[in-house]
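**Q** Supplied in structure tokens, the structure appears directly below.
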Amino acid sequence: MREEVVVIVGAGQSGLATAACLTALSVPCLILERDDCVASLWRRRSYERVTLHLAKRFSQLPHAPLPDSAPNFLPKPLYLRYLDDYAARFGLRVALRREVVAAEYDPAEGRWRIEVRRRGNGGGGAAAAEEEEEEEECYWARYLVVASGENDEAVVPGSILGMESFPGPVVHSSRYRNGREYEGKAVLVVGAGNSGMEVALDVADCGARSTTIVVRSRLHVVSREIWWFAMLIMRFLPLGLLDALILLLCYLKFGDLSKYGIHRPSKGPLYLKKYTPKYPVVDSGTVKKIKSGEIQVMPSIKSIKGNYVTFSNGRIQSYDAIILATGYRSTVKKWLKSDDSLVGEDGMVKRMFPNNWKGDNRLYCAGLARRGIYGSGEDAQSIANDIACDYHHYHH
């Protein structure tokens, strides 16, 4: 039985930011992390060429501004170094290889009981990982912060007819690193979010014989510069007017994309970001290759038979490999037992910003409101201020 003041679940950007803000306010805290490193999404489940879509002023964490010398849009290695340095700078306590299996509020104790599965050190490959010893641990905490992220578990579609007959490799984008192994192959990328668009671009750049991306629903495509501009001026303009301005700039930048199979939704990109789970796609060069024909756009898949894929428009094409850029989901509801008001069935917070970070019984959520890195930092500061006020009052 281990006693802690604050337990934070997850050592991604949200968990690190919350711990740093608490540390700055002299509140002791412990982060429990399932993987064997901090920032595992960036380190282990993102492709090599990924670059932050938000400018650095919207990507920095509290108490640690990025230097003027840093590029405006940080590539993966630089952002990873920033997160590692961030954890070291604040001397954050992080318990690695700790998977939370249950967290329940005990009214009699007035605290959270957190059951944890501790995995061994591994280090011997897949076989050793299967045989590594597991231990059960139990923590008690007055405050519980959920910071395990909206990208916790890969979503793999199970409803594509005939997928099991496909003879080539089928991988989720979380396991994709670069396009070199797809050189000379016909590749189908399923899913047209930011990951799908960038993976398709990377595959095409690395010499795939052909690249196709499945675009199943309407989506907004913006450039990095247009989105950065929108972030800078969003507090000065009404949402509807700003959306109209963004769409005008996008039309001037990209033209009419509907002729290439990309159709925009009726609502604007900022409206959808605020009121729905839909983010715009921030273009990194994919649109240019779609226009040139190097990347082909197809609608939804009807069925697969061997190497042949039939699309909903009746077209049939042969592929050597399929990459599923079908997103992630939060897994919070699998282990969080004592909450009905803050986290919904999808593992994301139910409440709209700015009331998205605090629940009952000193339960908090950071980074589960689909507000990106900037939102994680704001959540962290709100949570830390609230806990510090209660903690210092409680102890004095």
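Within each chain, counting starts at residue 1; across the structure tokens, chains are named A, B, ... in the order shown, with ligands numbered 1 upward in that order.
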Please list as a list in words every residue within 9 Å of A:Tyr328, counting only C-alpha atoms and excluding residues in the same chain fewer than 3 positions away.
**A** Glu150, Asn151, Asp152, Glu153, Ala154, Val155, Val156 and Ser174 of chain A
**Q** For the residues selected in the previous step, produce a file with N, CA, C and O atoms as a JSON list (two decimals), in the first residue's frame.
**A**
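Saved result, part.json, follows:
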```json
[["chain", "number", "residue", "atom", "x", "y", "z"],
["A", 150, "GLU", "N", -6.16, 11.02, -25.42],
["A", 150, "GLU", "CA", -7.22, 10.59, -26.32],
["A", 150, "GLU", "C", -6.71, 9.59, -27.36],
["A", 150, "GLU", "O", -7.49, 9.00, -28.10],
["A", 151, "ASN", "N", -5.38, 9.42, -27.42],
["A", 151, "ASN", "CA", -4.78, 8.51, -28.40],
["A", 151, "ASN", "C", -4.15, 7.30, -27.71],
["A", 151, "ASN", "O", -3.01, 6.94, -27.95],
["A", 152, "ASP", "N", -4.94, 6.66, -26.86],
["A", 152, "ASP", "CA", -4.40, 5.62, -25.99],
["A", 152, "ASP", "C", -4.37, 4.24, -26.64],
["A", 152, "ASP", "O", -3.50, 3.43, -26.37],
["A", 153, "GLU", "N", -5.33, 3.95, -27.50],
["A", 153, "GLU", "CA", -5.45, 2.61, -28.09],
["A", 153, "GLU", "C", -5.80, 2.73, -29.57],
["A", 153, "GLU", "O", -6.70, 3.49, -29.94],
["A", 154, "ALA", "N", -5.10, 1.99, -30.40],
["A", 154, "ALA", "CA", -5.34, 2.04, -31.84],
["A", 154, "ALA", "C", -6.72, 1.48, -32.18],
["A", 154, "ALA", "O", -7.15, 0.47, -31.63],
["A", 155, "VAL", "N", -7.43, 2.17, -33.09],
["A", 155, "VAL", "CA", -8.73, 1.69, -33.58],
["A", 155, "VAL", "C", -8.50, 0.94, -34.89],
["A", 155, "VAL", "O", -7.98, 1.51, -35.85],
["A", 156, "VAL", "N", -8.87, -0.33, -34.91],
["A", 156, "VAL", "CA", -8.72, -1.15, -36.11],
["A", 156, "VAL", "C", -10.11, -1.57, -36.58],
["A", 156, "VAL", "O", -10.83, -2.26, -35.84],
["A", 174, "SER", "N", -0.02, 3.41, -36.19],
["A", 174, "SER", "CA", 0.77, 3.48, -34.96],
["A", 174, "SER", "C", 2.05, 2.66, -35.08],
["A", 174, "SER", "O", 3.01, 2.88, -34.34]]
```
**Q** I'd like the contact shell of A:Glu183 - 8 Å cut-off, only C-alpha atoms, skipping same-chain residues fewer than 2 positions apart - returned as a PDB file with all heavy atoms, in the first residue's frame.
**A**
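Heads up, here's the output in out_25.pdb:
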```
ATOM      1  N   GLY A 179       8.295   5.228 -45.133  1.00  0.00           N
ATOM      2  CA  GLY A 179       7.793   4.582 -46.341  1.00  0.00           C
ATOM      3  C   GLY A 179       8.805   3.766 -47.114  1.00  0.00           C
ATOM      4  O   GLY A 179       8.493   3.260 -48.201  1.00  0.00           O
ATOM      5  N   ARG A 180      10.020   3.597 -46.566  1.00  0.00           N
ATOM      6  CA  ARG A 180      11.071   2.919 -47.343  1.00  0.00           C
ATOM      7  C   ARG A 180      10.721   1.473 -47.691  1.00  0.00           C
ATOM      8  O   ARG A 180      11.054   0.995 -48.782  1.00  0.00           O
ATOM      9  CB  ARG A 180      12.399   2.983 -46.583  1.00  0.00           C
ATOM     10  CG  ARG A 180      13.004   4.396 -46.553  1.00  0.00           C
ATOM     11  CD  ARG A 180      14.419   4.404 -46.024  1.00  0.00           C
ATOM     12  NE  ARG A 180      14.488   4.146 -44.600  1.00  0.00           N
ATOM     13  CZ  ARG A 180      14.379   5.078 -43.652  1.00  0.00           C
ATOM     14  NH1 ARG A 180      14.159   6.347 -43.999  1.00  0.00           N
ATOM     15  NH2 ARG A 180      14.475   4.765 -42.373  1.00  0.00           N
ATOM     16  N   GLU A 181      10.044   0.796 -46.773  1.00  0.00           N
ATOM     17  CA  GLU A 181       9.716  -0.621 -47.043  1.00  0.00           C
ATOM     18  C   GLU A 181       8.598  -0.762 -48.084  1.00  0.00           C
ATOM     19  O   GLU A 181       8.301  -1.871 -48.535  1.00  0.00           O
ATOM     20  CB  GLU A 181       9.314  -1.337 -45.755  1.00  0.00           C
ATOM     21  CG  GLU A 181       8.045  -0.826 -45.113  1.00  0.00           C
ATOM     22  CD  GLU A 181       7.762  -1.483 -43.771  1.00  0.00           C
ATOM     23  OE1 GLU A 181       7.248  -2.609 -43.771  1.00  0.00           O
ATOM     24  OE2 GLU A 181       8.075  -0.864 -42.730  1.00  0.00           O
ATOM     25  N   LYS A 185       5.843  -0.571 -54.361  1.00  0.00           N
ATOM     26  CA  LYS A 185       4.600  -1.292 -54.072  1.00  0.00           C
ATOM     27  C   LYS A 185       3.382  -0.392 -54.301  1.00  0.00           C
ATOM     28  O   LYS A 185       3.480   0.838 -54.275  1.00  0.00           O
ATOM     29  CB  LYS A 185       4.595  -1.804 -52.632  1.00  0.00           C
ATOM     30  CG  LYS A 185       5.658  -2.860 -52.366  1.00  0.00           C
ATOM     31  CD  LYS A 185       5.594  -3.350 -50.935  1.00  0.00           C
ATOM     32  CE  LYS A 185       6.639  -4.445 -50.690  1.00  0.00           C
ATOM     33  NZ  LYS A 185       6.607  -4.929 -49.284  1.00  0.00           N
ATOM     34  N   VAL A 203       4.705   7.704 -48.071  1.00  0.00           N
ATOM     35  CA  VAL A 203       4.782   6.512 -48.934  1.00  0.00           C
ATOM     36  C   VAL A 203       5.084   6.935 -50.377  1.00  0.00           C
ATOM     37  O   VAL A 203       5.944   6.345 -51.050  1.00  0.00           O
ATOM     38  CB  VAL A 203       3.466   5.708 -48.848  1.00  0.00           C
ATOM     39  CG1 VAL A 203       3.382   4.683 -49.973  1.00  0.00           C
ATOM     40  CG2 VAL A 203       3.346   5.011 -47.499  1.00  0.00           C
ATOM     41  N   CYS A 206       8.610   8.129 -50.817  1.00  0.00           N
ATOM     42  CA  CYS A 206       9.610   7.053 -50.703  1.00  0.00           C
ATOM     43  C   CYS A 206       9.577   6.081 -51.881  1.00  0.00           C
ATOM     44  O   CYS A 206      10.209   5.017 -51.828  1.00  0.00           O
ATOM     45  CB  CYS A 206       9.427   6.308 -49.382  1.00  0.00           C
ATOM     46  SG  CYS A 206       9.941   7.260 -47.935  1.00  0.00           S
ATOM     47  N   GLY A 207       8.808   6.430 -52.909  1.00  0.00           N
ATOM     48  CA  GLY A 207       8.902   5.651 -54.148  1.00  0.00           C
ATOM     49  C   GLY A 207       7.921   4.519 -54.307  1.00  0.00           C
ATOM     50  O   GLY A 207       8.195   3.555 -55.041  1.00  0.00           O
ATOM     51  N   ALA A 208       6.751   4.613 -53.647  1.00  0.00           N
ATOM     52  CA  ALA A 208       5.717   3.600 -53.886  1.00  0.00           C
ATOM     53  C   ALA A 208       5.311   3.637 -55.361  1.00  0.00           C
ATOM     54  O   ALA A 208       5.301   4.697 -55.989  1.00  0.00           O
ATOM     55  CB  ALA A 208       4.512   3.865 -52.997  1.00  0.00           C
ATOM     56  N   ARG A 209       4.981   2.461 -55.915  1.00  0.00           N
ATOM     57  CA  ARG A 209       4.560   2.399 -57.317  1.00  0.00           C
ATOM     58  C   ARG A 209       3.264   3.184 -57.527  1.00  0.00           C
ATOM     59  O   ARG A 209       3.085   3.882 -58.528  1.00  0.00           O
ATOM     60  CB  ARG A 209       4.370   0.940 -57.745  1.00  0.00           C
ATOM     61  CG  ARG A 209       4.078   0.767 -59.236  1.00  0.00           C
ATOM     62  CD  ARG A 209       4.071  -0.683 -59.669  1.00  0.00           C
ATOM     63  NE  ARG A 209       2.799  -1.353 -59.361  1.00  0.00           N
ATOM     64  CZ  ARG A 209       2.633  -2.255 -58.394  1.00  0.00           C
ATOM     65  NH1 ARG A 209       3.653  -2.614 -57.639  1.00  0.00           N
ATOM     66  NH2 ARG A 209       1.465  -2.813 -58.188  1.00  0.00           N
TER      67      ARG A 209
END
```
**Q** Excluding stretch 250-258 of chain A and any residue of its chain fewer than 4 positions from it, enumerate the residues within 10 Å of it, using only C-alpha atoms, and give them as a PyMOL selection string.
**A** chain A and resi 218+220-223+226-227+244-246+262-264+287-288+290-291
**Q** Generate a file of the selected residues that holds all heavy atoms, formatted as a compact mmCIF listing (two decimals), in the first residue's frame.
**A**
```
# COMPACT_ATOMS: atom_id res chain seq x y z
N ARG A 218 -16.64 13.83 -45.39
CA ARG A 218 -16.25 15.21 -45.70
C ARG A 218 -15.20 15.69 -44.70
O ARG A 218 -15.25 15.32 -43.53
CB ARG A 218 -17.48 16.12 -45.65
CG ARG A 218 -18.46 15.83 -46.78
CD ARG A 218 -19.75 16.64 -46.63
NE ARG A 218 -20.60 16.43 -47.80
CZ ARG A 218 -20.62 17.21 -48.87
NH1 ARG A 218 -19.83 18.28 -48.92
NH2 ARG A 218 -21.40 16.95 -49.89
N HIS A 220 -12.20 19.14 -43.79
CA HIS A 220 -11.54 20.41 -44.12
C HIS A 220 -10.04 20.18 -44.23
O HIS A 220 -9.44 19.48 -43.40
CB HIS A 220 -11.80 21.44 -43.02
CG HIS A 220 -13.19 22.01 -43.04
ND1 HIS A 220 -13.65 22.78 -44.07
CD2 HIS A 220 -14.21 21.91 -42.14
CE1 HIS A 220 -14.89 23.14 -43.83
NE2 HIS A 220 -15.27 22.63 -42.66
N VAL A 221 -9.45 20.77 -45.25
CA VAL A 221 -7.99 20.79 -45.39
C VAL A 221 -7.53 22.24 -45.27
O VAL A 221 -8.06 23.12 -45.96
CB VAL A 221 -7.55 20.21 -46.75
CG1 VAL A 221 -6.03 20.22 -46.86
CG2 VAL A 221 -8.07 18.79 -46.93
N VAL A 222 -6.57 22.47 -44.37
CA VAL A 222 -6.00 23.81 -44.19
C VAL A 222 -4.48 23.69 -44.32
O VAL A 222 -3.92 22.61 -44.23
CB VAL A 222 -6.37 24.41 -42.82
CG1 VAL A 222 -7.88 24.54 -42.67
CG2 VAL A 222 -5.80 23.59 -41.67
N SER A 223 -3.81 24.82 -44.52
CA SER A 223 -2.35 24.80 -44.49
C SER A 223 -1.88 25.14 -43.07
O SER A 223 -2.65 25.70 -42.26
CB SER A 223 -1.77 25.82 -45.47
OG SER A 223 -2.01 27.15 -45.00
N ILE A 226 -2.21 28.94 -42.56
CA ILE A 226 -3.59 29.41 -42.38
C ILE A 226 -4.09 29.07 -40.98
O ILE A 226 -4.72 29.89 -40.31
CB ILE A 226 -4.52 28.81 -43.46
CG1 ILE A 226 -4.18 29.41 -44.84
CG2 ILE A 226 -5.99 29.04 -43.12
CD1 ILE A 226 -4.90 28.74 -46.00
N TRP A 227 -3.79 27.86 -40.52
CA TRP A 227 -4.25 27.44 -39.19
C TRP A 227 -3.54 28.24 -38.09
O TRP A 227 -4.16 28.60 -37.08
CB TRP A 227 -4.02 25.94 -39.02
CG TRP A 227 -4.87 25.31 -37.94
CD1 TRP A 227 -4.42 24.59 -36.86
CD2 TRP A 227 -6.29 25.31 -37.83
NE1 TRP A 227 -5.47 24.17 -36.10
CE2 TRP A 227 -6.63 24.60 -36.67
CE3 TRP A 227 -7.32 25.88 -38.60
CZ2 TRP A 227 -7.96 24.42 -36.25
CZ3 TRP A 227 -8.65 25.69 -38.20
CH2 TRP A 227 -8.94 24.98 -37.04
N ALA A 244 -15.35 31.74 -42.08
CA ALA A 244 -15.51 32.23 -43.47
C ALA A 244 -14.18 32.72 -44.03
O ALA A 244 -13.84 32.45 -45.20
CB ALA A 244 -16.54 33.35 -43.50
N LEU A 245 -13.38 33.39 -43.19
CA LEU A 245 -12.08 33.88 -43.62
C LEU A 245 -11.12 32.71 -43.90
O LEU A 245 -10.40 32.71 -44.92
CB LEU A 245 -11.50 34.80 -42.55
CG LEU A 245 -10.12 35.43 -42.82
CD1 LEU A 245 -10.13 36.23 -44.11
CD2 LEU A 245 -9.71 36.31 -41.64
N ILE A 246 -11.14 31.69 -43.02
CA ILE A 246 -10.30 30.51 -43.23
C ILE A 246 -10.65 29.83 -44.55
O ILE A 246 -9.76 29.46 -45.34
CB ILE A 246 -10.48 29.51 -42.06
CG1 ILE A 246 -9.89 30.07 -40.77
CG2 ILE A 246 -9.80 28.17 -42.39
CD1 ILE A 246 -10.25 29.25 -39.53
N ILE A 262 -12.28 15.33 -52.54
CA ILE A 262 -12.27 15.85 -51.16
C ILE A 262 -13.35 16.92 -51.06
O ILE A 262 -13.27 17.97 -51.71
CB ILE A 262 -10.89 16.43 -50.81
CG1 ILE A 262 -9.83 15.34 -50.84
CG2 ILE A 262 -10.92 17.10 -49.43
CD1 ILE A 262 -8.41 15.84 -50.68
N HIS A 263 -14.36 16.65 -50.25
CA HIS A 263 -15.51 17.54 -50.11
C HIS A 263 -15.51 18.15 -48.71
O HIS A 263 -15.36 17.43 -47.71
CB HIS A 263 -16.81 16.78 -50.36
CG HIS A 263 -16.87 16.15 -51.73
ND1 HIS A 263 -17.31 16.83 -52.84
CD2 HIS A 263 -16.50 14.91 -52.15
CE1 HIS A 263 -17.24 16.02 -53.90
NE2 HIS A 263 -16.74 14.86 -53.51
N ARG A 264 -15.71 19.46 -48.64
CA ARG A 264 -15.73 20.14 -47.35
C ARG A 264 -17.09 19.99 -46.67
O ARG A 264 -18.12 19.99 -47.34
CB ARG A 264 -15.40 21.63 -47.52
CG ARG A 264 -13.97 21.89 -47.95
CD ARG A 264 -13.61 23.36 -47.85
NE ARG A 264 -12.22 23.59 -48.27
CZ ARG A 264 -11.18 23.48 -47.46
NH1 ARG A 264 -11.35 23.13 -46.20
NH2 ARG A 264 -9.95 23.70 -47.92
N VAL A 287 -1.82 17.53 -50.73
CA VAL A 287 -2.76 18.07 -51.73
C VAL A 287 -2.07 18.25 -53.08
O VAL A 287 -2.65 17.94 -54.13
CB VAL A 287 -3.35 19.42 -51.23
CG1 VAL A 287 -4.10 20.12 -52.36
CG2 VAL A 287 -4.27 19.19 -50.05
N LYS A 288 -0.84 18.71 -53.07
CA LYS A 288 -0.10 18.89 -54.32
C LYS A 288 0.03 17.57 -55.07
O LYS A 288 -0.12 17.52 -56.30
CB LYS A 288 1.29 19.48 -54.02
CG LYS A 288 2.10 19.84 -55.24
CD LYS A 288 3.43 20.47 -54.85
CE LYS A 288 4.24 20.83 -56.09
NZ LYS A 288 5.56 21.40 -55.72
N ILE A 290 -1.97 14.96 -54.71
CA ILE A 290 -3.31 14.54 -55.14
C ILE A 290 -3.65 15.24 -56.46
O ILE A 290 -4.14 14.62 -57.41
CB ILE A 290 -4.36 14.85 -54.06
CG1 ILE A 290 -4.19 13.90 -52.87
CG2 ILE A 290 -5.78 14.74 -54.62
CD1 ILE A 290 -5.03 14.24 -51.66
N LYS A 291 -3.34 16.52 -56.55
CA LYS A 291 -3.62 17.27 -57.77
C LYS A 291 -2.80 16.77 -58.96
O LYS A 291 -3.27 16.78 -60.11
CB LYS A 291 -3.36 18.76 -57.54
CG LYS A 291 -4.40 19.46 -56.70
CD LYS A 291 -4.04 20.94 -56.57
CE LYS A 291 -5.17 21.74 -55.98
NZ LYS A 291 -4.85 23.17 -55.93
```
**Q** Quote the spacing between atom CA of A:Ile316 and atom CA of A:Asp202 in Å to one decimal place.
**A** 23.8 Å
**Q** So which one's closest to A:Gln317, A:Val100, A:Ile301, A:Leu41, A:Val6? Using only C-alpha atoms, please.
**A**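 For A:Gln317, the nearest of the candidates is A:Ile301.
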**Q** I want to know what sits within 12 Å of stretch 63-67 of chain A, based on only C-alpha atoms, with residues of the same chain fewer than 2 positions away left out; could you give that as a ChimeraX atom specification?
**A** /A:16-25,55-61,69-74,78-79,81-83,85-90,377-378,380-381
**Q** Give me the residues within 7 Å of A:Met298 as a list of chain:residue names, counting only C-alpha atoms and dropping any in the same chain fewer than 5 places off.
**A**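 Within the cut-off, the hits are A:Thr212, A:Ile213, A:Val214, A:Val215.
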**Q** Here is a test: counting only C-alpha atoms, which residue of A:Val187, A:Val349, A:Val343, A:Cys365 is nearest to A:Ile323?
**A**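 Result for the nearest residue to A:Ile323: A:Val187.
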**Q** Of the residues A:Gly293, A:Pro107, A:Pro169, A:Gly10, which is the one nearest to A:Leu188, using only C-alpha atoms?
**A**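 Among the listed residues, A:Pro169 lies closest to A:Leu188.
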**Q** Would you give me, as a PyMOL selection string, the residues in stretch 196-352 of chain A that DSSP reads as strand (DSSP E)?
**A** chain A and resi 210-214+221-223+281-283+295-298+301-305+308-311+316-318+321-324+328-329
**Q** Counting only C-alpha atoms, which residue out of A:Ile295, A:Leu270, A:Cys37, A:Ala102 sits closest to A:Leu242?
**A** A:Leu270
**Q** Which one is closest to A:Ser210: A:Ser165, A:Asn194, A:Val297, A:Ala11? Count only C-alpha atoms.
**A**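 The answer is A:Val297, which sits nearest to A:Ser210.
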**Q** Please, what distance in Å, to one decimal, runs between atom CA of A:Thr331 and atom CA of A:Ser376?
**A** 17.7 Å
**Q** Smallest atom-to-atom distance to A:Ala321: which of A:Glu3, A:Gly184, A:Lys274, A:Val116, using only C-alpha atoms?
**A**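 The closest residue to A:Ala321 is A:Gly184.
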**Q** Hey, can you check how far atom CA of A:Arg111 sits from atom CA of A:Trp140?
**A**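 Separation between atom CA of A:Arg111 and atom CA of A:Trp140: 6.5 Å.
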**Q** Excluding stretch 159-163 of chain A and its own-chain neighbours fewer than 6 positions away, which residues fall within 7 Å of it when counting only C-alpha atoms? Please give them as a PDB file with all heavy atoms, in the first residue's frame.
**A**
```pdb
ATOM      1  N   SER A 303     -15.485  -3.988 -50.488  1.00  0.00           N
ATOM      2  CA  SER A 303     -15.028  -5.346 -50.134  1.00  0.00           C
ATOM      3  C   SER A 303     -13.602  -5.557 -50.609  1.00  0.00           C
ATOM      4  O   SER A 303     -13.077  -4.802 -51.441  1.00  0.00           O
ATOM      5  CB  SER A 303     -15.947  -6.407 -50.751  1.00  0.00           C
ATOM      6  OG  SER A 303     -15.875  -6.347 -52.171  1.00  0.00           O
ATOM      7  N   ILE A 304     -12.982  -6.610 -50.061  1.00  0.00           N
ATOM      8  CA  ILE A 304     -11.623  -7.001 -50.455  1.00  0.00           C
ATOM      9  C   ILE A 304     -11.640  -8.484 -50.792  1.00  0.00           C
ATOM     10  O   ILE A 304     -12.220  -9.297 -50.071  1.00  0.00           O
ATOM     11  CB  ILE A 304     -10.616  -6.728 -49.313  1.00  0.00           C
ATOM     12  CG1 ILE A 304     -10.553  -5.223 -49.000  1.00  0.00           C
ATOM     13  CG2 ILE A 304      -9.230  -7.255 -49.667  1.00  0.00           C
ATOM     14  CD1 ILE A 304      -9.688  -4.875 -47.808  1.00  0.00           C
ATOM     15  N   LYS A 305     -10.983  -8.836 -51.903  1.00  0.00           N
ATOM     16  CA  LYS A 305     -10.848 -10.254 -52.281  1.00  0.00           C
ATOM     17  C   LYS A 305      -9.425 -10.460 -52.770  1.00  0.00           C
ATOM     18  O   LYS A 305      -9.054  -9.993 -53.849  1.00  0.00           O
ATOM     19  CB  LYS A 305     -11.856 -10.626 -53.364  1.00  0.00           C
ATOM     20  CG  LYS A 305     -11.883 -12.126 -53.656  1.00  0.00           C
ATOM     21  CD  LYS A 305     -13.021 -12.497 -54.587  1.00  0.00           C
ATOM     22  CE  LYS A 305     -13.069 -14.014 -54.796  1.00  0.00           C
ATOM     23  NZ  LYS A 305     -14.180 -14.404 -55.684  1.00  0.00           N
TER      24      LYS A 305
END
```
**Q** What residues in stretch 199-271 of chain A get the DSSP label alpha helix (DSSP H)? Please answer as a PyMOL selection string.
**A** chain A and resi 199-205+224-233+239-254+269-271
**Q** What lies within 10 Å of A:Trp42 using only C-alpha atoms, ignoring chain neighbours under 5 positions off, as JSON, numbers by chain?
**A** {"A": [12, 13, 47, 48, 50, 76, 77, 79, 80, 83]}
**Q** Limited to all heavy atoms, could you put the picked residues into a file as a short mmCIF file (atom, residue, chain, number, x, y, z; two decimals), in the first residue's frame?
**A**
```cif
data_model
loop_
_atom_site.label_atom_id
_atom_site.label_comp_id
_atom_site.auth_asym_id
_atom_site.auth_seq_id
_atom_site.Cartn_x
_atom_site.Cartn_y
_atom_site.Cartn_z
N GLY A 12 2.36 11.44 -20.77
CA GLY A 12 2.43 12.21 -22.02
C GLY A 12 2.49 13.69 -21.69
O GLY A 12 2.72 14.08 -20.54
N GLN A 13 2.25 14.52 -22.69
CA GLN A 13 2.39 15.97 -22.47
C GLN A 13 1.43 16.48 -21.39
O GLN A 13 1.79 17.36 -20.60
CB GLN A 13 2.16 16.71 -23.78
CG GLN A 13 0.76 16.55 -24.34
CD GLN A 13 0.69 16.46 -25.83
OE1 GLN A 13 1.69 16.21 -26.51
NE2 GLN A 13 -0.50 16.64 -26.37
N TYR A 47 5.24 8.31 -36.65
CA TYR A 47 6.14 8.09 -37.78
C TYR A 47 7.27 9.11 -37.75
O TYR A 47 7.20 10.15 -37.11
CB TYR A 47 5.38 8.13 -39.10
CG TYR A 47 4.27 9.14 -39.15
CD1 TYR A 47 4.46 10.41 -39.69
CD2 TYR A 47 3.01 8.84 -38.61
CE1 TYR A 47 3.44 11.34 -39.71
CE2 TYR A 47 1.99 9.78 -38.63
CZ TYR A 47 2.21 11.02 -39.17
OH TYR A 47 1.21 11.95 -39.19
N GLU A 48 8.35 8.79 -38.47
CA GLU A 48 9.59 9.57 -38.38
C GLU A 48 9.43 11.01 -38.84
O GLU A 48 10.01 11.92 -38.26
CB GLU A 48 10.69 8.88 -39.20
CG GLU A 48 11.17 7.57 -38.59
CD GLU A 48 12.17 6.85 -39.47
OE1 GLU A 48 12.57 7.42 -40.52
OE2 GLU A 48 12.55 5.71 -39.13
N VAL A 50 6.94 13.06 -38.75
CA VAL A 50 5.89 13.89 -38.14
C VAL A 50 6.47 15.20 -37.61
O VAL A 50 7.55 15.24 -37.01
CB VAL A 50 5.14 13.12 -37.03
CG1 VAL A 50 6.01 12.87 -35.81
CG2 VAL A 50 3.88 13.87 -36.62
N LYS A 76 9.58 15.93 -34.86
CA LYS A 76 9.48 14.95 -33.78
C LYS A 76 10.72 14.89 -32.87
O LYS A 76 10.58 14.94 -31.64
CB LYS A 76 9.19 13.57 -34.39
CG LYS A 76 9.23 12.41 -33.41
CD LYS A 76 8.95 11.10 -34.12
CE LYS A 76 9.22 9.90 -33.24
NZ LYS A 76 8.85 8.63 -33.90
N PRO A 77 11.96 14.79 -33.39
CA PRO A 77 13.11 14.66 -32.49
C PRO A 77 13.27 15.85 -31.54
O PRO A 77 13.60 15.68 -30.36
CB PRO A 77 14.31 14.55 -33.44
CG PRO A 77 13.74 14.11 -34.75
CD PRO A 77 12.38 14.72 -34.81
N TYR A 79 10.84 17.90 -30.49
CA TYR A 79 9.78 17.94 -29.50
C TYR A 79 9.99 16.86 -28.43
O TYR A 79 9.74 17.10 -27.24
CB TYR A 79 8.41 17.77 -30.16
CG TYR A 79 7.29 18.18 -29.22
CD1 TYR A 79 7.21 19.49 -28.75
CD2 TYR A 79 6.33 17.27 -28.80
CE1 TYR A 79 6.20 19.88 -27.88
CE2 TYR A 79 5.32 17.66 -27.93
CZ TYR A 79 5.26 18.95 -27.47
OH TYR A 79 4.27 19.33 -26.58
N LEU A 80 10.50 15.71 -28.83
CA LEU A 80 10.81 14.65 -27.85
C LEU A 80 11.88 15.12 -26.87
O LEU A 80 11.78 14.89 -25.66
CB LEU A 80 11.29 13.39 -28.58
CG LEU A 80 10.25 12.29 -28.78
CD1 LEU A 80 10.87 11.14 -29.56
CD2 LEU A 80 9.70 11.79 -27.46
N LEU A 83 10.34 17.44 -24.37
CA LEU A 83 9.56 16.75 -23.34
C LEU A 83 10.47 16.04 -22.33
O LEU A 83 10.20 16.07 -21.11
CB LEU A 83 8.59 15.75 -23.98
CG LEU A 83 7.45 16.36 -24.81
CD1 LEU A 83 6.63 15.27 -25.47
CD2 LEU A 83 6.56 17.27 -23.97
#
```
